[in-house]
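Engineer: Here you go, final-v9.cif (mmCIF, C-alpha atoms):
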```
data_input
loop_
_atom_site.label_atom_id
_atom_site.label_comp_id
_atom_site.auth_asym_id
_atom_site.auth_seq_id
_atom_site.Cartn_x
_atom_site.Cartn_y
_atom_site.Cartn_z
CA MET A 1 18.34 3.26 -6.11
CA GLY A 2 15.48 2.16 -8.29
CA LYS A 3 12.71 4.51 -7.28
CA GLN A 4 11.31 4.67 -10.80
CA ASP A 5 11.47 0.88 -11.07
CA VAL A 6 9.25 0.66 -7.99
CA ILE A 7 6.74 3.10 -9.43
CA ASP A 8 6.72 1.33 -12.80
CA ALA A 9 6.41 -2.13 -11.25
CA VAL A 10 3.51 -1.11 -9.00
CA LYS A 11 1.77 0.09 -12.18
CA GLY A 12 2.29 -3.30 -13.81
CA LEU A 13 5.04 -2.20 -16.20
CA ALA A 14 8.20 -4.08 -17.15
CA THR A 15 11.36 -3.02 -15.31
CA GLN A 16 15.07 -3.34 -16.09
CA LYS A 17 15.71 -4.57 -12.57
CA VAL A 18 13.20 -6.09 -10.14
CA PRO A 19 12.80 -3.47 -7.40
CA TRP A 20 13.20 -4.47 -3.76
CA VAL A 21 11.01 -3.03 -1.00
CA PRO A 22 11.68 -4.30 2.54
CA TYR A 23 8.66 -3.60 4.74
CA SER A 24 10.83 -2.64 7.67
CA GLY A 25 8.07 -1.33 9.95
CA VAL A 26 9.08 -1.39 13.61
CA HIS A 27 12.11 -3.46 12.61
CA SER A 28 13.53 -0.01 11.81
CA ALA A 29 13.30 0.71 15.54
CA PHE A 30 15.13 -2.52 16.34
CA LEU A 31 17.88 -1.61 13.89
CA ILE A 32 18.65 1.60 15.76
CA GLY A 33 18.27 0.03 19.18
CA GLU A 34 15.01 1.68 20.17
CA PRO A 35 11.76 0.14 21.43
CA ALA A 36 8.86 0.34 18.99
CA ASP A 37 6.64 2.40 21.30
CA LYS A 38 9.29 5.10 21.79
CA PHE A 39 10.19 5.04 18.09
CA LEU A 40 6.62 5.55 16.90
CA LYS A 41 6.15 8.62 19.09
CA ASP A 42 9.28 10.45 17.96
CA PRO A 43 9.65 11.88 14.44
CA ASP A 44 13.44 12.02 14.70
CA LEU A 45 13.66 8.36 15.66
CA ILE A 46 11.26 7.32 12.90
CA ALA A 47 13.34 9.20 10.36
CA LYS A 48 16.61 7.83 11.74
CA GLY A 49 15.32 4.24 11.71
CA VAL A 50 13.73 4.34 8.26
CA ILE A 51 16.76 5.99 6.66
CA PHE A 52 19.04 3.44 8.35
CA ALA A 53 16.85 0.53 7.17
CA ALA A 54 16.73 1.82 3.59
CA GLU A 55 20.50 2.10 3.47
CA ARG A 56 21.15 -1.15 5.38
CA TYR A 57 18.95 -3.17 3.03
CA LYS A 58 19.81 -1.23 -0.16
CA ALA A 59 16.12 -0.61 -0.68
CA ASP A 60 14.55 0.69 -3.87
CA GLY A 61 11.48 1.58 -1.86
CA ILE A 62 10.58 1.60 1.82
CA PRO A 63 7.49 2.30 3.92
CA LEU A 64 7.52 5.25 6.26
CA LEU A 65 5.59 3.18 8.80
CA PHE A 66 3.80 -0.15 8.79
CA ASP A 67 1.29 0.50 11.51
CA LEU A 68 -2.43 0.05 10.85
CA THR A 69 -3.54 1.72 14.06
CA VAL A 70 -2.58 5.30 13.12
CA GLU A 71 -6.07 6.29 11.97
CA ALA A 72 -7.94 4.46 14.77
CA ILE A 73 -5.74 5.90 17.51
CA SER A 74 -6.04 9.34 15.92
CA MET A 75 -9.81 8.95 16.32
CA GLY A 76 -9.44 8.05 19.99
CA CYS A 77 -9.61 4.23 19.98
CA ASP A 78 -8.28 2.61 23.15
CA HIS A 79 -4.96 0.95 22.43
CA LYS A 80 -1.92 -0.71 23.92
CA TRP A 81 1.69 0.07 23.04
CA TRP A 82 4.28 -2.67 22.70
CA PRO A 83 8.08 -2.49 22.76
CA ASP A 84 8.45 -4.86 19.82
CA ASN A 85 5.30 -4.40 17.77
CA PRO A 86 3.06 -1.62 16.51
CA PRO A 87 0.28 -0.77 18.95
CA SER A 88 -2.84 -2.93 19.11
CA ILE A 89 -6.43 -1.71 19.41
CA THR A 90 -8.11 -2.70 22.67
CA GLY A 91 -11.43 -0.87 22.54
CA HIS A 92 -14.06 -0.31 19.91
CA PRO A 93 -15.95 3.01 20.03
CA LEU A 94 -18.78 1.71 17.82
CA ASP A 95 -19.37 -1.35 19.98
CA LYS A 96 -22.54 0.09 21.49
CA LYS A 97 -22.82 3.49 19.79
CA THR A 98 -23.83 4.46 16.29
CA LEU A 99 -21.48 6.51 14.15
CA ALA A 100 -23.58 9.62 14.84
CA GLU A 101 -23.64 9.00 18.61
CA SER A 102 -19.90 8.39 18.73
CA GLY A 103 -19.02 11.80 17.31
CA LEU A 104 -16.15 10.22 15.36
CA LYS A 105 -14.65 12.52 12.74
CA VAL A 106 -12.22 11.92 9.90
CA PRO A 107 -8.82 12.77 11.41
CA GLY A 108 -6.89 15.43 9.52
CA PRO A 109 -3.18 16.29 9.43
CA LYS A 110 -3.29 18.10 12.78
CA ASP A 111 -5.09 15.30 14.62
CA GLY A 112 -3.85 12.42 16.72
CA ARG A 113 -0.64 10.79 15.53
CA TRP A 114 -0.54 12.55 12.18
CA PRO A 115 1.70 15.54 13.10
CA ILE A 116 4.49 13.18 14.21
CA ILE A 117 4.13 11.05 11.10
CA ILE A 118 4.09 14.04 8.76
CA GLU A 119 7.19 15.52 10.38
CA ALA A 120 9.00 12.17 10.14
CA GLY A 121 7.87 11.66 6.56
CA LYS A 122 9.21 15.01 5.43
CA LYS A 123 12.60 14.22 6.96
CA VAL A 124 12.75 10.79 5.31
CA LYS A 125 11.60 12.17 1.98
CA ALA A 126 14.34 14.82 2.02
CA ALA A 127 17.02 12.31 3.01
CA LEU A 128 16.06 9.57 0.53
CA PRO A 129 15.20 11.32 -2.75
CA ASP A 130 16.06 8.26 -4.83
CA VAL A 131 14.05 5.75 -2.79
CA ALA A 132 10.32 5.27 -3.37
CA LEU A 133 8.61 6.16 -0.10
CA TYR A 134 5.49 4.13 0.71
CA GLY A 135 2.63 5.60 2.70
CA ILE A 136 0.81 2.68 4.27
CA LEU A 137 -2.73 3.41 5.40
CA CYS A 138 -5.35 1.32 7.13
CA GLY A 139 -7.90 -0.05 4.66
CA PRO A 140 -11.63 0.36 5.23
CA LEU A 141 -12.56 -3.09 6.53
CA THR A 142 -9.63 -3.30 8.95
CA LEU A 143 -10.41 0.17 10.24
CA ALA A 144 -14.08 -0.80 10.59
CA SER A 145 -12.92 -3.80 12.66
CA HIS A 146 -10.98 -1.45 14.91
CA LEU A 147 -14.03 0.80 15.37
CA ARG A 148 -16.75 -1.84 15.64
CA GLY A 149 -14.81 -4.90 16.77
CA VAL A 150 -15.25 -8.40 15.41
CA ARG A 151 -18.99 -7.72 15.27
CA ILE A 152 -18.41 -6.08 11.86
CA PHE A 153 -17.91 -9.55 10.34
CA THR A 154 -21.44 -10.48 11.42
CA ASP A 155 -22.83 -7.06 10.45
CA VAL A 156 -21.75 -7.49 6.82
CA TYR A 157 -24.27 -10.35 6.59
CA LYS A 158 -26.91 -9.53 9.20
CA ASN A 159 -26.87 -5.75 9.48
CA LYS A 160 -25.81 -4.54 6.07
CA VAL A 161 -27.00 -0.92 6.35
CA LEU A 162 -25.02 -0.36 9.54
CA ALA A 163 -21.98 -2.18 8.14
CA LYS A 164 -22.02 -0.09 4.99
CA GLU A 165 -22.30 3.15 6.92
CA ILE A 166 -19.27 2.26 9.06
CA ILE A 167 -17.13 0.84 6.25
CA ASP A 168 -17.90 3.76 3.94
CA PHE A 169 -16.95 6.17 6.73
CA CYS A 170 -13.68 4.26 7.07
CA GLY A 171 -13.20 4.69 3.33
CA GLU A 172 -13.37 8.47 3.86
CA VAL A 173 -10.79 8.20 6.64
CA ALA A 174 -8.59 6.18 4.27
CA ALA A 175 -8.97 8.84 1.57
CA GLU A 176 -7.75 11.55 3.92
CA ALA A 177 -4.83 9.34 4.99
CA ALA A 178 -4.02 8.81 1.30
CA ARG A 179 -4.13 12.56 0.73
CA ILE A 180 -1.84 13.22 3.70
CA TYR A 181 0.71 10.62 2.58
CA ALA A 182 0.58 11.70 -1.07
CA GLU A 183 0.26 15.48 -0.81
CA GLU A 184 1.57 16.56 2.59
CA ILE A 185 4.47 14.10 2.84
CA GLY A 186 4.99 13.40 -0.86
CA CYS A 187 5.03 9.60 -0.65
CA ASP A 188 5.49 7.96 -4.04
CA VAL A 189 3.35 4.87 -3.48
CA ILE A 190 0.21 4.76 -1.36
CA ALA A 191 -0.66 1.31 -0.06
CA ILE A 192 -4.25 0.77 1.03
CA THR A 193 -3.61 -2.01 3.49
CA ASP A 194 -6.58 -4.13 4.45
CA PRO A 195 -5.34 -7.37 6.00
CA VAL A 196 -8.71 -8.61 7.22
CA ALA A 197 -10.21 -8.29 3.72
CA SER A 198 -8.84 -11.79 3.09
CA GLN A 199 -11.11 -13.15 5.82
CA ILE A 200 -14.40 -12.56 4.00
CA LYS A 201 -16.15 -14.03 0.99
CA PRO A 202 -15.54 -12.58 -2.51
CA GLU A 203 -19.11 -11.27 -2.78
CA THR A 204 -18.70 -9.48 0.57
CA PHE A 205 -15.44 -7.96 -0.66
CA LEU A 206 -17.22 -6.62 -3.77
CA GLU A 207 -20.19 -5.35 -1.77
CA PHE A 208 -18.26 -3.50 0.94
CA VAL A 209 -14.50 -3.26 0.40
CA THR A 210 -14.39 -2.34 -3.29
CA PRO A 211 -16.71 0.69 -3.02
CA ALA A 212 -15.15 1.91 0.23
CA THR A 213 -11.68 1.79 -1.35
CA GLN A 214 -12.60 4.17 -4.19
CA PRO A 215 -12.24 7.49 -2.29
CA ALA A 216 -8.62 6.63 -1.40
CA VAL A 217 -7.91 5.50 -4.97
CA ARG A 218 -9.27 8.83 -6.25
CA ALA A 219 -7.17 10.78 -3.72
CA VAL A 220 -4.01 9.01 -4.91
CA LYS A 221 -4.83 9.64 -8.56
CA LYS A 222 -5.59 13.28 -7.87
CA ALA A 223 -2.14 13.64 -6.30
CA GLY A 224 -0.50 11.99 -9.31
CA LYS A 225 0.91 9.10 -7.29
CA VAL A 226 0.54 5.34 -7.63
CA SER A 227 -1.53 3.05 -5.44
CA SER A 228 -1.34 -0.52 -4.25
CA PHE A 229 -3.72 -2.71 -2.25
CA PHE A 230 -1.98 -4.76 0.43
CA ILE A 231 -3.72 -7.84 1.77
CA CYS A 232 -2.57 -10.46 4.28
CA GLY A 233 -3.52 -14.05 5.05
CA ASP A 234 -4.72 -16.59 2.57
CA ALA A 235 -6.30 -14.17 0.09
CA THR A 236 -6.64 -16.76 -2.68
CA LYS A 237 -10.44 -16.66 -2.65
CA VAL A 238 -10.59 -12.87 -3.13
CA LEU A 239 -7.54 -12.41 -5.35
CA HIS A 240 -9.44 -11.43 -8.50
CA GLU A 241 -11.44 -8.92 -6.45
CA VAL A 242 -8.17 -7.52 -5.06
CA ALA A 243 -6.64 -7.27 -8.53
CA THR A 244 -9.65 -5.32 -9.80
CA VAL A 245 -10.22 -3.08 -6.76
CA GLY A 246 -9.00 -0.04 -8.69
CA THR A 247 -5.44 0.36 -7.43
CA ASP A 248 -2.44 0.25 -9.78
CA GLY A 249 -1.17 -2.92 -8.13
CA PHE A 250 -1.47 -5.15 -5.09
CA ALA A 251 0.72 -7.10 -2.68
CA ILE A 252 0.12 -10.36 -0.85
CA ASP A 253 1.60 -12.41 1.96
CA GLU A 254 3.65 -15.56 2.15
CA GLN A 255 0.70 -17.94 2.20
CA LEU A 256 -0.07 -17.38 -1.48
CA ASN A 257 1.45 -19.12 -4.45
CA LEU A 258 3.38 -16.43 -6.29
CA THR A 259 3.01 -17.97 -9.74
CA TYR A 260 -0.78 -17.89 -9.32
CA VAL A 261 -0.58 -14.32 -8.03
CA ARG A 262 1.61 -13.32 -10.98
CA ASP A 263 -0.83 -14.81 -13.49
CA VAL A 264 -3.79 -13.02 -11.90
CA ALA A 265 -1.88 -9.72 -11.90
CA LEU A 266 -0.79 -10.08 -15.52
CA MET A 267 -4.35 -11.03 -16.52
CA HIS A 268 -5.64 -7.77 -15.04
CA GLY A 269 -2.67 -5.61 -16.09
CA VAL A 270 -1.69 -4.55 -12.57
CA GLY A 271 1.49 -4.80 -10.52
CA PHE A 272 2.04 -7.30 -7.73
CA GLY A 273 4.35 -7.61 -4.75
CA GLY A 274 5.69 -10.42 -2.57
CA ASN A 275 6.61 -13.05 -1.57
CA LEU A 276 9.68 -13.50 0.60
CA LYS A 277 8.49 -15.66 3.47
CA LEU A 278 8.39 -13.32 6.41
CA THR A 279 7.71 -16.02 8.98
CA LEU A 280 9.22 -19.21 7.65
CA ALA A 281 12.41 -17.67 6.25
CA LEU A 282 13.05 -14.27 7.81
CA SER A 283 11.68 -14.82 11.30
CA LEU A 284 12.01 -18.52 12.00
CA GLY A 285 14.82 -19.42 9.61
CA LEU A 286 13.09 -22.70 8.68
CA LEU A 287 13.84 -21.90 5.04
CA SER A 288 16.95 -20.28 3.66
CA PRO A 289 16.06 -16.62 2.97
CA ARG A 290 18.50 -16.65 0.06
CA GLU A 291 16.90 -19.63 -1.63
CA ASP A 292 13.44 -18.35 -0.85
CA ALA A 293 14.38 -15.05 -2.51
CA ILE A 294 15.60 -16.87 -5.62
CA VAL A 295 12.32 -18.81 -5.82
CA SER A 296 10.31 -15.57 -5.53
CA LEU A 297 12.42 -13.78 -8.12
CA ALA A 298 12.11 -16.67 -10.55
CA ALA A 299 8.35 -16.83 -10.11
CA GLY A 300 7.77 -13.09 -10.16
CA GLY A 301 9.56 -12.24 -13.38
CA SER A 302 10.26 -8.63 -14.31
CA THR A 303 6.90 -7.31 -15.41
CA GLY A 304 4.98 -5.53 -12.69
CA PHE A 305 6.81 -7.32 -9.90
CA VAL A 306 8.01 -5.73 -6.67
CA PHE A 307 10.13 -8.09 -4.61
CA ALA A 308 9.14 -7.68 -0.99
CA PRO A 309 8.39 -9.67 2.15
CA GLY A 310 5.08 -11.44 2.05
CA MET B 1 -10.54 -33.78 29.88
CA SER B 2 -12.15 -30.82 31.56
CA GLY B 3 -15.58 -31.40 30.03
CA LYS B 4 -15.26 -28.00 28.38
CA LEU B 5 -15.24 -27.32 24.68
CA GLN B 6 -11.66 -26.95 23.42
CA ILE B 7 -10.96 -24.13 20.97
CA ASP B 8 -7.54 -23.61 19.42
CA VAL B 9 -6.67 -20.53 17.39
CA LEU B 10 -3.69 -20.97 15.10
CA THR B 11 -2.12 -17.59 14.38
CA LEU B 12 0.92 -15.79 13.14
CA ASP B 13 0.67 -13.33 16.04
CA SER B 14 -2.54 -11.80 17.35
CA VAL B 15 -0.78 -8.54 18.20
CA GLN B 16 0.98 -7.99 14.89
CA CYS B 17 -1.56 -9.52 12.50
CA ALA B 18 -5.00 -7.89 12.41
CA ALA B 19 -6.71 -10.96 10.96
CA CYS B 20 -5.24 -13.11 13.74
CA GLY B 21 -6.27 -10.52 16.32
CA TYR B 22 -9.89 -10.50 15.20
CA MET B 23 -9.98 -14.30 15.04
CA MET B 24 -8.94 -14.30 18.71
CA GLU B 25 -11.42 -11.55 19.48
CA SER B 26 -14.26 -13.57 17.94
CA ILE B 27 -13.75 -16.12 20.73
CA ALA B 28 -12.87 -13.68 23.49
CA ALA B 29 -16.02 -11.62 22.79
CA LEU B 30 -18.36 -14.59 23.19
CA PRO B 31 -20.79 -13.97 26.06
CA MET B 32 -19.92 -14.90 29.63
CA GLU B 33 -22.17 -17.98 29.58
CA ILE B 34 -20.07 -19.35 26.72
CA GLN B 35 -16.78 -18.33 28.33
CA GLU B 36 -17.69 -20.60 31.25
CA ILE B 37 -17.91 -23.69 29.07
CA ILE B 38 -14.95 -23.25 26.71
CA GLU B 39 -11.21 -23.39 26.95
CA TYR B 40 -9.23 -21.62 24.27
CA LYS B 41 -5.69 -20.70 23.48
CA GLU B 42 -3.70 -18.85 20.87
CA TRP B 43 -0.99 -20.88 19.16
CA SER B 44 1.41 -18.49 17.42
CA ILE B 45 3.73 -20.09 14.91
CA LYS B 46 6.38 -17.64 16.01
CA ASN B 47 7.39 -20.11 18.72
CA LYS B 48 8.21 -23.82 18.80
CA GLU B 49 5.09 -24.79 20.75
CA GLY B 50 2.89 -23.09 18.16
CA ILE B 51 4.70 -24.69 15.24
CA GLY B 52 4.26 -28.06 16.94
CA LYS B 53 0.52 -27.45 17.37
CA PHE B 54 0.17 -26.32 13.74
CA ILE B 55 1.81 -29.56 12.58
CA GLU B 56 -0.13 -31.71 15.04
CA MET B 57 -3.45 -30.26 13.89
CA LYS B 58 -2.43 -30.40 10.22
CA GLY B 59 -3.03 -26.66 9.89
CA ARG B 60 -3.17 -25.29 6.37
CA VAL B 61 -3.52 -21.52 6.62
CA LEU B 62 -3.26 -18.78 9.21
CA PRO B 63 -5.32 -17.76 11.02
CA THR B 64 -7.52 -20.78 11.71
CA ILE B 65 -10.05 -21.56 14.46
CA ALA B 66 -10.33 -25.21 15.45
CA ILE B 67 -13.10 -26.51 17.71
CA GLN B 68 -12.63 -29.86 19.43
CA GLY B 69 -9.60 -30.46 17.22
CA GLU B 70 -11.43 -29.82 13.96
CA LEU B 71 -10.16 -27.06 11.64
CA LEU B 72 -13.32 -25.07 10.96
CA PHE B 73 -12.69 -21.42 10.19
CA GLU B 74 -9.66 -21.22 7.93
CA SER B 75 -8.89 -17.66 6.88
CA ILE B 76 -12.50 -16.67 7.40
CA ILE B 77 -13.57 -14.69 10.45
CA PRO B 78 -16.82 -16.31 11.62
CA GLN B 79 -20.14 -14.66 12.24
CA TYR B 80 -21.43 -14.97 15.80
CA GLU B 81 -24.17 -17.45 14.88
CA GLU B 82 -21.73 -19.58 12.86
CA LEU B 83 -19.53 -19.90 15.92
CA ILE B 84 -22.45 -20.81 18.17
CA ASP B 85 -23.68 -23.46 15.71
CA ALA B 86 -20.19 -24.89 15.23
CA MET B 87 -19.71 -25.17 19.01
CA ALA B 88 -23.14 -26.66 19.61
CA ASP B 89 -22.65 -29.24 16.87
CA ARG B 90 -19.46 -30.41 18.58
CA ALA B 91 -20.55 -30.19 22.21
CA PRO B 92 -19.65 -33.33 24.17
CA THR B 93 -23.19 -33.73 25.57
CA PRO B 94 -26.70 -32.92 24.27
CA GLU B 95 -27.28 -30.78 27.38
CA LEU B 96 -24.27 -28.62 26.60
CA ALA B 97 -25.33 -28.33 22.97
CA THR B 98 -28.77 -27.08 24.06
CA ARG B 99 -27.18 -24.63 26.50
CA ILE B 100 -25.02 -23.22 23.71
CA ARG B 101 -27.87 -22.96 21.20
CA MET B 102 -29.96 -20.98 23.70
CA LEU B 103 -27.36 -18.21 23.40
CA ARG B 104 -27.70 -17.91 19.63
CA ASP B 105 -29.44 -14.51 19.85
CA LYS B 106 -27.23 -13.08 22.58
CA GLY B 107 -24.45 -11.67 20.37
CA PHE B 108 -20.88 -10.65 21.08
CA ASP B 109 -20.00 -9.01 24.37
CA PHE B 110 -16.92 -6.78 24.54
CA ASP B 111 -17.15 -5.88 28.22
CA ASN B 112 -14.60 -8.47 29.38
CA LEU B 113 -12.53 -8.58 26.22
CA GLU B 114 -9.13 -7.78 27.67
CA ALA B 115 -9.50 -10.19 30.57
CA ASN B 116 -10.69 -12.95 28.26
CA LEU B 117 -7.81 -12.40 25.85
CA ALA B 118 -5.36 -12.50 28.74
CA ARG B 119 -6.91 -15.76 29.96
CA ALA B 120 -6.32 -17.24 26.50
CA GLU B 121 -2.70 -16.00 26.69
CA SER B 122 -3.33 -13.95 23.57
CA GLY B 123 -0.19 -12.12 22.48
CA MET B 124 1.83 -13.61 25.34
CA HIS B 125 3.70 -16.27 23.37
CA THR B 126 4.42 -14.51 20.13
CA ARG B 127 8.09 -13.73 20.70
CA ARG B 128 10.63 -15.73 18.80
CA GLU B 129 13.08 -16.00 21.70
CA GLU B 130 10.54 -17.73 23.95
#
```
Could the structure of this file be written out as structure tokens, please?

Structural biologist:
Amino acid sequence: MGKQDVIDAVKGLATQKVPWVPYSGVHSAFLIGEPADKFLKDPDLIAKGVIFAAERYKADGIPLLFDLTVEAISMGCDHKWWPDNPPSITGHPLDKKTLAESGLKVPGPKDGRWPIIIEAGKKVKAALPDVALYGILCGPLTLASHLRGVRIFTDVYKNKVLAKEIIDFCGEVAAEAARIYAEEIGCDVIAITDPVASQIKPETFLEFVTPATQPAVRAVKKAGKVSSFFICGDATKVLHEVATVGTDGFAIDEQLNLTYVRDVALMHGVGFGGNLKLTLALSLGLLSPREDAIVSLAAGGSTGFVFAPG
Amino acid sequence: MSGKLQIDVLTLDSVQCAACGYMMESIAALPMEIQEIIEYKEWSIKNKEGIGKFIEMKGRVLPTIAIQGELLFESIIPQYEELIDAMADRAPTPELATRIRMLRDKGFDFDNLEANLARAESGMHTRREE
């Protein structure tokens, strides 16, 4: 498998073959006939599902998990488990309390869900030495949304000091998650995944998201691994900010035009990932996944491009 | 027509997609006085009904909040005051507009979040087989 191709592509380098990274997430549970909630609580099932998915899809790289609630749940956020989705956050501890009043602490490797994830990650890492393992962590603005609720999107304009305190704290949580994935599990690529960062203005991204991302970027560099910034939704308006956030590369979702994304990535000398249409092709079948893949591969080229679902 | 303000949230899936989830939450966390005068629903494009609504409304991106049929917040999670102003500007009567504007300083309220999300059928129609 093309583990080195994945690493090179994330860094923006040319590759002999375009590497393929299916973001299997809880689909790995489906593949082995287990509900997502049971899967995510059992290191043996996580390992079994991820290894199966990597082999089934002939992956060059694969995420250990794609679940952006790990950090929030490990800090005690109320949540709901689903049989066919990752958990969702249902309560926000900073709704009425300040960070100091809440007593929230950066969760370490022995806290919350981390021991299960670390155990699973070590099993997957040992079983798939030639596949690039992705550690996907919750980015600072999305984590701040989990802790503060939708109010954070008003705070970034009306209550900047409070917003900065919360988002910077979330950046420290992200840095520890990056360290755990990179050093304790040995993941090859660390993806700082901040889906809601597409839902703000570019100046807000630069003011809050860029600085809060730096501790995680430093943690990845210190571990000698490569980093990517994953963003969802229509991120067109913040794409230059994403490309210059400090990670080696970035990845986007199906709503973006891949040729535009490619040009922005090449302009900034970083890698980029996408853009197989997760909803229209893979889920709904409204487009042919095969033809959609050909379109993505033609647009992406072979410099800095990771072929992946968008 | 119910006389209430109609809000439609076009999503991928408010459970799976954090941006969609917080778009839904921005409506579900509006104060009780607002909840009484609005009707809102999640339209996930993971089912036929949601795809139909997306096409009918000429949706462009996900997630999007539409008020009274007008696409207003497209891939941008609104501030509380922006939502209040957008609703007041589109209220069917001047009295309702005034009532909404009086709540401009009230702020989000998370106390009834889960019940409000359930009322909007959030996350209940996001399965492909439905």

Engineer: Could you state the separation of CA of Thr93 in chain B and CA of Asp109 in chain B in Å, given to one decimal place?

Structural biologist: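 Pair CA of Thr93 in chain B / CA of Asp109 in chain B returns 25.0 Å.
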
Engineer: Quick one: which residues end up in the PyMOL selection byres ((chain B and resi 64-81) around 9) for this structure, as a PyMOL selection string?

Structural biologist: (chain A and resi 150-155+157+196+198-201+233-235) or (chain B and resi 5-11+19-20+22-24+26+30+57-63+82-87+90-91+104-105+107-108)

Engineer: Could the residues in this selection be saved with C-alpha atoms as a CSV table (one decimal), in the frame of the given file?

Structural biologist:
```csv
chain,number,residue,atom,x,y,z
A,150,VAL,CA,-15.2,-8.4,15.4
A,151,ARG,CA,-19.0,-7.7,15.3
A,152,ILE,CA,-18.4,-6.1,11.9
A,153,PHE,CA,-17.9,-9.6,10.3
A,154,THR,CA,-21.4,-10.5,11.4
A,155,ASP,CA,-22.8,-7.1,10.4
A,157,TYR,CA,-24.3,-10.4,6.6
A,196,VAL,CA,-8.7,-8.6,7.2
A,198,SER,CA,-8.8,-11.8,3.1
A,199,GLN,CA,-11.1,-13.2,5.8
A,200,ILE,CA,-14.4,-12.6,4.0
A,201,LYS,CA,-16.2,-14.0,1.0
A,233,GLY,CA,-3.5,-14.0,5.0
A,234,ASP,CA,-4.7,-16.6,2.6
A,235,ALA,CA,-6.3,-14.2,0.1
B,5,LEU,CA,-15.2,-27.3,24.7
B,6,GLN,CA,-11.7,-27.0,23.4
B,7,ILE,CA,-11.0,-24.1,21.0
B,8,ASP,CA,-7.5,-23.6,19.4
B,9,VAL,CA,-6.7,-20.5,17.4
B,10,LEU,CA,-3.7,-21.0,15.1
B,11,THR,CA,-2.1,-17.6,14.4
B,19,ALA,CA,-6.7,-11.0,11.0
B,20,CYS,CA,-5.2,-13.1,13.7
B,22,TYR,CA,-9.9,-10.5,15.2
B,23,MET,CA,-10.0,-14.3,15.0
B,24,MET,CA,-8.9,-14.3,18.7
B,26,SER,CA,-14.3,-13.6,17.9
B,30,LEU,CA,-18.4,-14.6,23.2
B,57,MET,CA,-3.4,-30.3,13.9
B,58,LYS,CA,-2.4,-30.4,10.2
B,59,GLY,CA,-3.0,-26.7,9.9
B,60,ARG,CA,-3.2,-25.3,6.4
B,61,VAL,CA,-3.5,-21.5,6.6
B,62,LEU,CA,-3.3,-18.8,9.2
B,63,PRO,CA,-5.3,-17.8,11.0
B,82,GLU,CA,-21.7,-19.6,12.9
B,83,LEU,CA,-19.5,-19.9,15.9
B,84,ILE,CA,-22.4,-20.8,18.2
B,85,ASP,CA,-23.7,-23.5,15.7
B,86,ALA,CA,-20.2,-24.9,15.2
B,87,MET,CA,-19.7,-25.2,19.0
B,90,ARG,CA,-19.5,-30.4,18.6
B,91,ALA,CA,-20.6,-30.2,22.2
B,104,ARG,CA,-27.7,-17.9,19.6
B,105,ASP,CA,-29.4,-14.5,19.8
B,107,GLY,CA,-24.4,-11.7,20.4
B,108,PHE,CA,-20.9,-10.6,21.1
```

Engineer: Output as a Markdown table one row per residue of chain A within 10 Å of chain B: the closest atom pair and its distance in Å to one decimal place, counting all atoms listed in the file, sorted by chain and residue number ascending.

Structural biologist:
```
| residue | atom | partner | partner_atom | distance |
| --- | --- | --- | --- | --- |
| A:Asp67 | CA | B:Gln16 | CA | 9.1 |
| A:Leu68 | CA | B:Ala18 | CA | 8.5 |
| A:Thr69 | CA | B:Ala18 | CA | 9.9 |
| A:Lys80 | CA | B:Val15 | CA | 9.8 |
| A:Trp82 | CA | B:Val15 | CA | 9.0 |
| A:Asp84 | CA | B:Arg127 | CA | 8.9 |
| A:Asn85 | CA | B:Gln16 | CA | 6.3 |
| A:Pro86 | CA | B:Gln16 | CA | 6.9 |
| A:Pro87 | CA | B:Val15 | CA | 7.9 |
| A:Ser88 | CA | B:Val15 | CA | 6.0 |
| A:Ile89 | CA | B:Val15 | CA | 8.9 |
| A:Thr90 | CA | B:Glu114 | CA | 7.2 |
| A:Gly91 | CA | B:Phe110 | CA | 8.3 |
| A:His92 | CA | B:Phe110 | CA | 8.5 |
| A:Asp95 | CA | B:Phe110 | CA | 7.5 |
| A:Lys96 | CA | B:Phe110 | CA | 9.4 |
| A:Thr142 | CA | B:Ala18 | CA | 7.4 |
| A:Leu143 | CA | B:Ala18 | CA | 9.9 |
| A:Ser145 | CA | B:Tyr22 | CA | 7.8 |
| A:His146 | CA | B:Tyr22 | CA | 9.1 |
| A:Gly149 | CA | B:Tyr22 | CA | 7.6 |
| A:Val150 | CA | B:Tyr22 | CA | 5.8 |
| A:Arg151 | CA | B:Phe108 | CA | 6.8 |
| A:Ile152 | CA | B:Gln79 | CA | 8.8 |
| A:Phe153 | CA | B:Gln79 | CA | 5.9 |
| A:Thr154 | CA | B:Gln79 | CA | 4.5 |
| A:Asp155 | CA | B:Gln79 | CA | 8.3 |
| A:Val156 | CA | B:Gln79 | CA | 9.1 |
| A:Tyr157 | CA | B:Gln79 | CA | 8.2 |
| A:Lys158 | CA | B:Gln79 | CA | 9.0 |
| A:Asp194 | CA | B:Ala18 | CA | 8.9 |
| A:Pro195 | CA | B:Ala19 | CA | 6.3 |
| A:Val196 | CA | B:Ala19 | CA | 4.8 |
| A:Ala197 | CA | B:Ala19 | CA | 8.5 |
| A:Ser198 | CA | B:Ser75 | CA | 7.0 |
| A:Gln199 | CA | B:Ile76 | CA | 4.1 |
| A:Ile200 | CA | B:Ile76 | CA | 5.7 |
| A:Lys201 | CA | B:Ile76 | CA | 7.8 |
| A:Cys232 | CA | B:Ala19 | CA | 7.9 |
| A:Gly233 | CA | B:Leu62 | CA | 6.3 |
| A:Asp234 | CA | B:Ser75 | CA | 6.1 |
| A:Ala235 | CA | B:Ser75 | CA | 8.1 |
| A:Thr236 | CA | B:Ser75 | CA | 9.9 |
| A:Lys237 | CA | B:Ser75 | CA | 9.7 |
| A:Gln255 | CA | B:Val61 | CA | 7.1 |
| A:Leu256 | CA | B:Val61 | CA | 9.7 |
| A:Thr279 | CA | B:Lys46 | CA | 7.3 |
| A:Leu280 | CA | B:Lys46 | CA | 9.0 |
| A:Ser283 | CA | B:Arg128 | CA | 7.6 |
| A:Leu284 | CA | B:Lys46 | CA | 7.0 |
```
